[in-house]
Amino acid sequence: MRHSRNRKDWLILLIALWAATSFAYYIESFDTEIYLSTDGSYNVVENIQVNFGTEQRHGIYRNIPYKYKKGFKTNTVLLSDFEVVDAKGNKYQKAMSKEGDYQKIRIGSPDFTITGRQTYIIKYQVERGMLYFDDYDELYWNVTGTEWNCYINSATATVYLPQGMSGGDVVDAHCFTGAYGTEEKKCEFSVSGNSVQFSTCLLYTSDA
C-alpha cells in the first residue's frame, strides 16, 4: 500500500448478499477477515457456516470474482495460496477452475455426502486488489460474491490495516448489500484501533 505521512487511505468494502431462488440449504453466517499489507496485497480468511439440514450434499461451490468493473475500468486481481479447512483445521478436498470472471472452488468429496451444519474456512491471498488515486488509496472488495444458490443469513467483514496505520487513516468507508447491481446500504460499519468492521443481518429471499 502506498502510504506516506501526509497520505490518507479511503477504504471501500462491498458486501453483497444474493437474492436467491433456491432454499435447499442456507448459510448461517459468512464472516470475513482481510489483512492488508504495506505492499498493497492482502490475505483473506472466510469463515462460512453452512446448514444443509437433512439434505444430502457433497459440499459447496465458492465462486470468487477476480475481474470486475469499477467505473469505466475493468480490474483484474491475482488470487493465490488457496487453502480450505474445517473448524478443526482438517483440509477439505477441493478442485479449482476458472469460469468467466470467477475463480471457482469445488469444496468437498464426490465420494460421500454430508448433512447438517458444516464449517468451511477458506484462506487465500489477493494481489493487485488495491486501487490507487492521487489523493487516496481504495480497497473495493466483494465479500460474499453473488453466485450462491442459497440465502445468507448474516455477513460480516473486518479489514485490518497495515502496520503503522490506524483507524484515523481511514477517511471514508462504505458497504453495500442486495442482489448484483443494487446499491442498497442496509449495513453498518465502525472503526476500532487498526481495523474497520462491517456487518449486516438482513435475510434476502426470492421475494426481495
# chains A, B, ... in the order shown; residues from 1 in each chain; ligands from 1
call {"tool": "select_by_dssp", "arguments": {"residues": "segment 10-113 of chain A", "states": "strand (DSSP E or B)", "output": "count of residues only"}}
result
62
call {"tool": "residues_around", "arguments": {"residues": "Tyr35 of chain A", "least_positions_apart": "2", "cutoff": "7 Å", "atoms": "only C-alpha atoms", "output": "list in words"}}
result
Glu33, Ser37, Tyr42, Asn43, Val44, Val159, Tyr160 and Leu161 of chain A
call {"tool": "write_last_selection", "arguments": {"atoms": "N, CA, C and O atoms", "output": "short mmCIF file (atom, residue, chain, number, x, y, z; two decimals), in the first residue's frame"}}
result
data_model
loop_
_atom_site.label_atom_id
_atom_site.label_comp_id
_atom_site.auth_asym_id
_atom_site.auth_seq_id
_atom_site.Cartn_x
_atom_site.Cartn_y
_atom_site.Cartn_z
N GLU A 33 -12.26 -11.95 7.25
CA GLU A 33 -11.19 -11.10 7.76
C GLU A 33 -10.23 -10.81 6.61
O GLU A 33 -9.84 -11.72 5.87
N SER A 37 -1.53 -5.55 3.62
CA SER A 37 -0.09 -5.40 3.74
C SER A 37 0.35 -4.06 3.18
O SER A 37 -0.37 -3.43 2.40
N TYR A 42 -3.20 -8.43 0.12
CA TYR A 42 -3.89 -8.74 1.36
C TYR A 42 -4.28 -10.21 1.41
O TYR A 42 -4.46 -10.87 0.38
N ASN A 43 -4.36 -10.71 2.63
CA ASN A 43 -4.78 -12.08 2.88
C ASN A 43 -6.24 -12.08 3.34
O ASN A 43 -6.64 -11.23 4.13
N VAL A 44 -7.01 -13.02 2.81
CA VAL A 44 -8.43 -13.13 3.11
C VAL A 44 -8.69 -14.45 3.83
O VAL A 44 -8.20 -15.50 3.40
N VAL A 159 -11.63 -5.46 8.22
CA VAL A 159 -10.43 -5.10 7.47
C VAL A 159 -9.38 -4.63 8.46
O VAL A 159 -9.61 -3.67 9.21
N TYR A 160 -8.24 -5.32 8.49
CA TYR A 160 -7.14 -4.95 9.37
C TYR A 160 -6.12 -4.15 8.55
O TYR A 160 -5.63 -4.62 7.53
N LEU A 161 -5.82 -2.95 9.03
CA LEU A 161 -4.93 -2.05 8.30
C LEU A 161 -3.48 -2.49 8.44
O LEU A 161 -3.13 -3.22 9.38
#
call {"tool": "residues_around", "arguments": {"residues": "segment 76-89 of chain A", "least_positions_apart": "6", "cutoff": "10 Å", "atoms": "only C-alpha atoms", "output": "MDAnalysis selection string"}}
result
chainID A and resid 41 43:49 64:69 96 101 103 105 107:108 118:130
call {"tool": "closest_residue", "arguments": {"among": "A:Pro110, A:Gly40, A:Gly53, A:Gly193", "to": "Tyr26 of chain A", "atoms": "only C-alpha atoms"}}
result
A:Gly53
